[in-house]
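Chemist: So here's work_13.cif, just mmCIF, N, CA and C atoms:
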data_start
loop_
_atom_site.label_atom_id
_atom_site.label_comp_id
_atom_site.auth_asym_id
_atom_site.auth_seq_id
_atom_site.Cartn_x
_atom_site.Cartn_y
_atom_site.Cartn_z
N MET A 1 -13.34 20.95 17.07
CA MET A 1 -12.45 21.65 16.15
C MET A 1 -11.09 20.97 16.09
N ILE A 2 -10.54 20.58 17.24
CA ILE A 2 -9.23 19.92 17.27
C ILE A 2 -9.33 18.55 16.61
N LEU A 3 -10.42 17.84 16.84
CA LEU A 3 -10.61 16.52 16.23
C LEU A 3 -10.66 16.64 14.71
N ARG A 4 -11.30 17.67 14.22
CA ARG A 4 -11.38 17.87 12.77
C ARG A 4 -9.99 18.13 12.18
N ILE A 5 -9.16 18.85 12.89
CA ILE A 5 -7.78 19.09 12.42
C ILE A 5 -7.00 17.79 12.41
N ILE A 6 -7.16 16.96 13.43
CA ILE A 6 -6.47 15.66 13.47
C ILE A 6 -6.91 14.78 12.31
N ILE A 7 -8.21 14.76 12.03
CA ILE A 7 -8.74 13.98 10.90
C ILE A 7 -8.15 14.49 9.59
N ASP A 8 -8.11 15.79 9.43
CA ASP A 8 -7.55 16.37 8.21
C ASP A 8 -6.06 16.04 8.06
N VAL A 9 -5.32 16.01 9.17
CA VAL A 9 -3.90 15.67 9.12
C VAL A 9 -3.71 14.22 8.67
N PHE A 10 -4.53 13.31 9.20
CA PHE A 10 -4.42 11.91 8.78
C PHE A 10 -4.74 11.74 7.30
N ILE A 11 -5.78 12.39 6.84
CA ILE A 11 -6.14 12.28 5.42
C ILE A 11 -5.08 12.92 4.54
N ALA A 12 -4.52 14.05 4.96
CA ALA A 12 -3.46 14.69 4.19
C ALA A 12 -2.21 13.82 4.16
N ALA A 13 -1.88 13.18 5.29
CA ALA A 13 -0.72 12.28 5.32
C ALA A 13 -0.94 11.10 4.37
N GLY A 14 -2.15 10.57 4.35
CA GLY A 14 -2.47 9.49 3.42
C GLY A 14 -2.32 9.94 1.98
N PHE A 15 -2.76 11.15 1.68
CA PHE A 15 -2.62 11.69 0.34
C PHE A 15 -1.15 11.85 -0.04
N ILE A 16 -0.35 12.34 0.89
CA ILE A 16 1.08 12.54 0.60
C ILE A 16 1.77 11.20 0.35
N PHE A 17 1.45 10.17 1.15
CA PHE A 17 2.04 8.85 0.91
C PHE A 17 1.60 8.29 -0.44
N ALA A 18 0.33 8.45 -0.79
CA ALA A 18 -0.16 7.97 -2.07
C ALA A 18 0.53 8.71 -3.22
N LEU A 19 0.73 9.99 -3.06
CA LEU A 19 1.42 10.77 -4.08
C LEU A 19 2.88 10.33 -4.22
N ALA A 20 3.53 10.05 -3.08
CA ALA A 20 4.91 9.56 -3.13
C ALA A 20 4.99 8.20 -3.80
N GLY A 21 4.00 7.35 -3.56
CA GLY A 21 3.96 6.05 -4.22
C GLY A 21 3.81 6.18 -5.72
N THR A 22 2.97 7.13 -6.15
CA THR A 22 2.80 7.37 -7.58
C THR A 22 4.09 7.87 -8.21
N LYS A 23 4.76 8.78 -7.52
CA LYS A 23 6.04 9.30 -8.02
C LYS A 23 7.08 8.17 -8.08
N GLY A 24 7.06 7.28 -7.09
CA GLY A 24 7.99 6.16 -7.08
C GLY A 24 7.76 5.20 -8.23
N VAL A 25 6.49 4.95 -8.55
CA VAL A 25 6.18 4.06 -9.67
C VAL A 25 6.70 4.65 -10.98
N ILE A 26 6.61 5.95 -11.13
CA ILE A 26 7.06 6.60 -12.36
C ILE A 26 8.59 6.61 -12.45
N GLN A 27 9.30 6.81 -11.34
CA GLN A 27 10.74 7.01 -11.39
C GLN A 27 11.58 5.75 -11.18
N MET A 28 11.04 4.70 -10.63
CA MET A 28 11.85 3.51 -10.34
C MET A 28 12.28 2.82 -11.63
N PRO A 29 13.45 2.18 -11.61
CA PRO A 29 14.03 1.66 -12.85
C PRO A 29 13.45 0.34 -13.35
N ASP A 30 13.02 -0.55 -12.47
CA ASP A 30 12.55 -1.85 -12.96
C ASP A 30 11.26 -2.27 -12.26
N THR A 31 10.76 -3.42 -12.67
CA THR A 31 9.46 -3.90 -12.20
C THR A 31 9.42 -4.09 -10.70
N TYR A 32 10.45 -4.66 -10.14
CA TYR A 32 10.45 -4.99 -8.72
C TYR A 32 10.54 -3.73 -7.84
N CYS A 33 11.30 -2.76 -8.28
CA CYS A 33 11.37 -1.49 -7.54
C CYS A 33 10.04 -0.75 -7.62
N ARG A 34 9.41 -0.79 -8.78
CA ARG A 34 8.10 -0.15 -8.92
C ARG A 34 7.06 -0.83 -8.03
N MET A 35 7.15 -2.14 -7.94
CA MET A 35 6.23 -2.87 -7.09
C MET A 35 6.42 -2.51 -5.62
N GLN A 36 7.66 -2.34 -5.23
CA GLN A 36 7.96 -1.93 -3.85
C GLN A 36 7.34 -0.57 -3.55
N ALA A 37 7.51 0.36 -4.48
CA ALA A 37 6.96 1.70 -4.27
C ALA A 37 5.43 1.66 -4.25
N SER A 38 4.85 0.90 -5.15
CA SER A 38 3.39 0.90 -5.23
C SER A 38 2.74 0.22 -4.04
N THR A 39 3.36 -0.83 -3.50
CA THR A 39 2.70 -1.53 -2.40
C THR A 39 2.94 -0.88 -1.06
N CYS A 40 4.17 -0.67 -0.70
CA CYS A 40 4.46 -0.16 0.65
C CYS A 40 3.92 1.24 0.86
N ILE A 41 4.22 2.13 -0.05
CA ILE A 41 3.81 3.51 0.13
C ILE A 41 2.30 3.66 -0.01
N THR A 42 1.70 2.95 -0.93
CA THR A 42 0.26 3.05 -1.09
C THR A 42 -0.47 2.45 0.10
N THR A 43 0.08 1.39 0.68
CA THR A 43 -0.53 0.82 1.88
C THR A 43 -0.49 1.83 3.02
N LEU A 44 0.61 2.53 3.17
CA LEU A 44 0.67 3.58 4.19
C LEU A 44 -0.31 4.72 3.89
N GLY A 45 -0.48 5.04 2.61
CA GLY A 45 -1.44 6.06 2.23
C GLY A 45 -2.86 5.67 2.59
N VAL A 46 -3.21 4.43 2.31
CA VAL A 46 -4.55 3.95 2.65
C VAL A 46 -4.72 3.93 4.16
N LEU A 47 -3.68 3.58 4.89
CA LEU A 47 -3.76 3.55 6.35
C LEU A 47 -4.09 4.93 6.91
N GLY A 48 -3.45 5.96 6.41
CA GLY A 48 -3.74 7.32 6.88
C GLY A 48 -5.17 7.75 6.58
N VAL A 49 -5.62 7.47 5.36
CA VAL A 49 -6.98 7.83 4.98
C VAL A 49 -8.01 7.04 5.80
N VAL A 50 -7.72 5.76 6.04
CA VAL A 50 -8.64 4.93 6.81
C VAL A 50 -8.76 5.43 8.25
N ILE A 51 -7.65 5.79 8.86
CA ILE A 51 -7.70 6.31 10.23
C ILE A 51 -8.50 7.61 10.27
N GLY A 52 -8.25 8.49 9.31
CA GLY A 52 -9.00 9.74 9.26
C GLY A 52 -10.49 9.52 9.01
N ALA A 53 -10.82 8.62 8.08
CA ALA A 53 -12.23 8.35 7.78
C ALA A 53 -12.93 7.65 8.93
N ALA A 54 -12.23 6.76 9.62
CA ALA A 54 -12.83 6.06 10.76
C ALA A 54 -13.09 7.05 11.90
N LEU A 55 -12.15 7.92 12.16
CA LEU A 55 -12.37 8.95 13.19
C LEU A 55 -13.56 9.84 12.83
N TYR A 56 -13.64 10.19 11.56
CA TYR A 56 -14.75 11.03 11.11
C TYR A 56 -16.08 10.30 11.29
N ALA A 57 -16.11 9.02 10.91
CA ALA A 57 -17.36 8.27 11.00
C ALA A 57 -17.77 8.04 12.44
N PHE A 58 -16.82 7.67 13.29
CA PHE A 58 -17.15 7.37 14.67
C PHE A 58 -17.47 8.64 15.48
N CYS A 59 -16.65 9.66 15.33
CA CYS A 59 -16.74 10.83 16.23
C CYS A 59 -17.63 11.94 15.71
N ILE A 60 -17.54 12.27 14.43
CA ILE A 60 -18.28 13.42 13.92
C ILE A 60 -19.64 13.00 13.37
N MET A 61 -19.66 11.95 12.54
CA MET A 61 -20.93 11.49 12.00
C MET A 61 -21.75 10.74 13.04
N GLY A 62 -21.08 10.08 13.97
CA GLY A 62 -21.79 9.28 14.96
C GLY A 62 -22.38 8.02 14.37
N SER A 63 -21.72 7.48 13.36
CA SER A 63 -22.22 6.29 12.67
C SER A 63 -21.23 5.14 12.85
N PRO A 64 -21.45 4.28 13.85
CA PRO A 64 -20.52 3.17 14.06
C PRO A 64 -20.50 2.18 12.89
N ALA A 65 -21.64 2.02 12.20
CA ALA A 65 -21.68 1.08 11.07
C ALA A 65 -20.74 1.54 9.96
N THR A 66 -20.75 2.81 9.66
CA THR A 66 -19.85 3.34 8.63
C THR A 66 -18.40 3.23 9.07
N GLY A 67 -18.14 3.52 10.32
CA GLY A 67 -16.77 3.41 10.84
C GLY A 67 -16.24 1.99 10.77
N ILE A 68 -17.10 1.01 11.10
CA ILE A 68 -16.67 -0.39 11.04
C ILE A 68 -16.40 -0.80 9.59
N LYS A 69 -17.23 -0.35 8.67
CA LYS A 69 -17.00 -0.66 7.25
C LYS A 69 -15.66 -0.09 6.78
N VAL A 70 -15.36 1.13 7.17
CA VAL A 70 -14.10 1.76 6.78
C VAL A 70 -12.92 0.98 7.37
N VAL A 71 -13.01 0.58 8.62
CA VAL A 71 -11.93 -0.18 9.26
C VAL A 71 -11.74 -1.53 8.57
N VAL A 72 -12.84 -2.21 8.24
CA VAL A 72 -12.73 -3.51 7.56
C VAL A 72 -12.08 -3.34 6.19
N ILE A 73 -12.47 -2.32 5.44
CA ILE A 73 -11.86 -2.06 4.14
C ILE A 73 -10.36 -1.78 4.31
N GLY A 74 -10.01 -1.00 5.31
CA GLY A 74 -8.59 -0.72 5.56
C GLY A 74 -7.81 -1.98 5.91
N LEU A 75 -8.37 -2.83 6.75
CA LEU A 75 -7.70 -4.09 7.10
C LEU A 75 -7.53 -4.99 5.89
N LEU A 76 -8.54 -5.03 5.03
CA LEU A 76 -8.42 -5.84 3.82
C LEU A 76 -7.32 -5.31 2.90
N VAL A 77 -7.27 -4.01 2.73
CA VAL A 77 -6.24 -3.43 1.85
C VAL A 77 -4.84 -3.69 2.43
N ILE A 78 -4.69 -3.51 3.74
CA ILE A 78 -3.39 -3.70 4.36
C ILE A 78 -2.95 -5.17 4.29
N THR A 79 -3.91 -6.08 4.30
CA THR A 79 -3.59 -7.51 4.23
C THR A 79 -3.37 -7.97 2.79
N ILE A 80 -4.24 -7.57 1.90
CA ILE A 80 -4.24 -8.11 0.54
C ILE A 80 -3.21 -7.44 -0.37
N ASN A 81 -2.92 -6.18 -0.16
CA ASN A 81 -1.99 -5.45 -1.03
C ASN A 81 -0.60 -6.10 -1.08
N PRO A 82 0.05 -6.40 0.05
CA PRO A 82 1.36 -7.05 -0.03
C PRO A 82 1.31 -8.47 -0.60
N VAL A 83 0.24 -9.19 -0.31
CA VAL A 83 0.10 -10.56 -0.84
C VAL A 83 -0.04 -10.52 -2.36
N GLY A 84 -0.85 -9.59 -2.86
CA GLY A 84 -1.00 -9.43 -4.31
C GLY A 84 0.30 -9.03 -4.98
N ALA A 85 1.06 -8.16 -4.35
CA ALA A 85 2.35 -7.74 -4.92
C ALA A 85 3.31 -8.91 -4.97
N HIS A 86 3.30 -9.75 -3.94
CA HIS A 86 4.17 -10.93 -3.93
C HIS A 86 3.79 -11.88 -5.07
N ALA A 87 2.51 -12.08 -5.28
CA ALA A 87 2.06 -12.94 -6.38
C ALA A 87 2.46 -12.37 -7.73
N ILE A 88 2.33 -11.06 -7.90
CA ILE A 88 2.72 -10.44 -9.16
C ILE A 88 4.23 -10.56 -9.37
N ALA A 89 5.01 -10.39 -8.29
CA ALA A 89 6.47 -10.51 -8.40
C ALA A 89 6.87 -11.93 -8.81
N LYS A 90 6.22 -12.93 -8.23
CA LYS A 90 6.52 -14.31 -8.61
C LYS A 90 6.14 -14.58 -10.05
N GLY A 91 5.01 -14.04 -10.49
CA GLY A 91 4.60 -14.20 -11.88
C GLY A 91 5.58 -13.53 -12.84
N ALA A 92 6.05 -12.34 -12.47
CA ALA A 92 7.01 -11.63 -13.32
C ALA A 92 8.32 -12.42 -13.39
N TYR A 93 8.75 -12.96 -12.26
CA TYR A 93 9.99 -13.74 -12.25
C TYR A 93 9.84 -14.99 -13.11
N ARG A 94 8.69 -15.64 -12.98
CA ARG A 94 8.45 -16.87 -13.75
C ARG A 94 8.48 -16.60 -15.25
N HIS A 95 8.03 -15.41 -15.67
CA HIS A 95 8.00 -15.09 -17.10
C HIS A 95 9.29 -14.45 -17.58
N GLY A 96 10.33 -14.48 -16.76
CA GLY A 96 11.65 -14.06 -17.21
C GLY A 96 11.98 -12.59 -16.99
N ILE A 97 11.17 -11.86 -16.28
CA ILE A 97 11.48 -10.46 -16.00
C ILE A 97 12.40 -10.42 -14.80
N ARG A 98 13.61 -9.92 -14.98
CA ARG A 98 14.60 -9.87 -13.92
C ARG A 98 14.98 -8.42 -13.64
N PRO A 99 15.47 -8.14 -12.42
CA PRO A 99 15.93 -6.78 -12.12
C PRO A 99 17.14 -6.40 -12.96
N GLU A 100 17.37 -5.09 -13.09
CA GLU A 100 18.51 -4.62 -13.88
C GLU A 100 19.82 -5.04 -13.24
N LYS A 101 19.93 -4.93 -11.92
CA LYS A 101 21.15 -5.35 -11.22
C LYS A 101 21.03 -6.81 -10.82
N GLU A 102 22.17 -7.47 -10.71
CA GLU A 102 22.18 -8.86 -10.26
C GLU A 102 21.75 -8.92 -8.80
N MET A 103 20.87 -9.87 -8.49
CA MET A 103 20.37 -10.00 -7.12
C MET A 103 21.41 -10.73 -6.26
N GLU A 104 21.59 -10.25 -5.03
CA GLU A 104 22.51 -10.92 -4.10
C GLU A 104 21.89 -12.20 -3.57
N ILE A 105 20.61 -12.15 -3.24
CA ILE A 105 19.89 -13.33 -2.76
C ILE A 105 18.73 -13.55 -3.71
N ASP A 106 18.64 -14.73 -4.28
CA ASP A 106 17.60 -15.03 -5.26
C ASP A 106 16.76 -16.20 -4.76
N ASP A 107 15.79 -15.91 -3.89
CA ASP A 107 14.94 -16.96 -3.35
C ASP A 107 13.96 -17.50 -4.37
N PHE A 108 13.58 -16.71 -5.36
CA PHE A 108 12.65 -17.20 -6.36
C PHE A 108 13.28 -18.30 -7.22
N ARG A 109 14.57 -18.23 -7.45
CA ARG A 109 15.24 -19.25 -8.26
C ARG A 109 15.04 -20.63 -7.63
N ARG A 110 15.11 -20.68 -6.31
CA ARG A 110 14.91 -21.93 -5.60
C ARG A 110 13.48 -22.45 -5.79
N ASP A 111 12.52 -21.53 -5.80
CA ASP A 111 11.11 -21.92 -5.96
C ASP A 111 10.81 -22.51 -7.33
N PHE A 112 11.53 -22.05 -8.35
CA PHE A 112 11.25 -22.49 -9.72
C PHE A 112 12.29 -23.48 -10.23
N ASP A 113 13.18 -23.96 -9.39
CA ASP A 113 14.21 -24.95 -9.74
C ASP A 113 15.02 -24.54 -10.96
N GLU A 114 15.52 -23.31 -10.93
CA GLU A 114 16.35 -22.84 -12.06
C GLU A 114 17.81 -22.96 -11.71
#
For the file at hand, write its structure as structure tokens.

Modeler:
Amino acid sequence: MILRIIIDVFIAAGFIFALAGTKGVIQMPDTYCRMQASTCITTLGVLGVVIGAALYAFCIMGSPATGIKVVVIGLLVITINPVGAHAIAKGAYRHGIRPEKEMEIDDFRRDFDE
């Protein structure tokens, strides 16, 4: 019973982070802020759901194969999500999309020789 409550808390926390990421994407002013909200918060949301699902698979279902699959999917999302966001940010910068405020440090300018 206690384990089921812990699993539900992890899944609910993941849902709350995913919901906050969605709200951030809607309310942020420019592309780069939206990307920050979508990657960081959504990665935390997936992390909570993955921990809850892995606990459920290992402890309640008794299926190590399912638990390992869930953990591998979680590791892939946690690894690939920030890398994909970085690639999208570089592509947006290359196509001339700039933040509304002037950037204090502009490392992308160095990469594109501007």

Chemist: Quick one: residues within 6 Å of Gly24 in chain A, all atoms listed in the file, excluding same-chain residues fewer than 4 positions away - as a PDB file with N, CA and C atoms, keeping the file's coordinate frame?

Modeler:
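Okay, around23.pdb is ready:
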ATOM      1  N   LEU A  19       0.730   9.990  -3.060  1.00  0.00           N
ATOM      2  CA  LEU A  19       1.420  10.770  -4.080  1.00  0.00           C
ATOM      3  C   LEU A  19       2.880  10.330  -4.220  1.00  0.00           C
ATOM      4  N   ALA A  20       3.530  10.050  -3.080  1.00  0.00           N
ATOM      5  CA  ALA A  20       4.910   9.560  -3.130  1.00  0.00           C
ATOM      6  C   ALA A  20       4.990   8.200  -3.800  1.00  0.00           C
ATOM      7  N   MET A  28      11.040   4.700 -10.630  1.00  0.00           N
ATOM      8  CA  MET A  28      11.850   3.510 -10.340  1.00  0.00           C
ATOM      9  C   MET A  28      12.280   2.820 -11.630  1.00  0.00           C
ATOM     10  N   ARG A  34       9.410  -0.790  -8.780  1.00  0.00           N
ATOM     11  CA  ARG A  34       8.100  -0.150  -8.920  1.00  0.00           C
ATOM     12  C   ARG A  34       7.060  -0.830  -8.030  1.00  0.00           C
ATOM     13  N   ALA A  37       7.510   0.360  -4.480  1.00  0.00           N
ATOM     14  CA  ALA A  37       6.960   1.700  -4.270  1.00  0.00           C
ATOM     15  C   ALA A  37       5.430   1.660  -4.250  1.00  0.00           C
TER      16      ALA A  37
END

Chemist: Can you turn the PyMOL selection byres ((chain A and resi 45) around 8) into a concrete residue list for this file, as an MDAnalysis selection string?

Modeler: chainID A and resid 10:11 13:19 21 39:44 46:51

Chemist: Can you work out the spacing between CA of Ser38 in chain A and CA of Pro82 in chain A in Å, to one decimal?

Modeler: 9.7 Å

Chemist: Between atom C of Lys23 in chain A and CA of Lys90 in chain A, what distance in Å does the model show, to one decimal?

Modeler: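 Answer for the atom C of Lys23 in chain A to CA of Lys90 in chain A separation: 22.5 Å.
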
Chemist: Expressed in Å to a single decimal, how great is the separation between CA of His95 in chain A and CA of Thr22 in chain A?

Modeler: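 Taking CA of His95 in chain A as the start and CA of Thr22 in chain A as the end point, the length is 24.9 Å.
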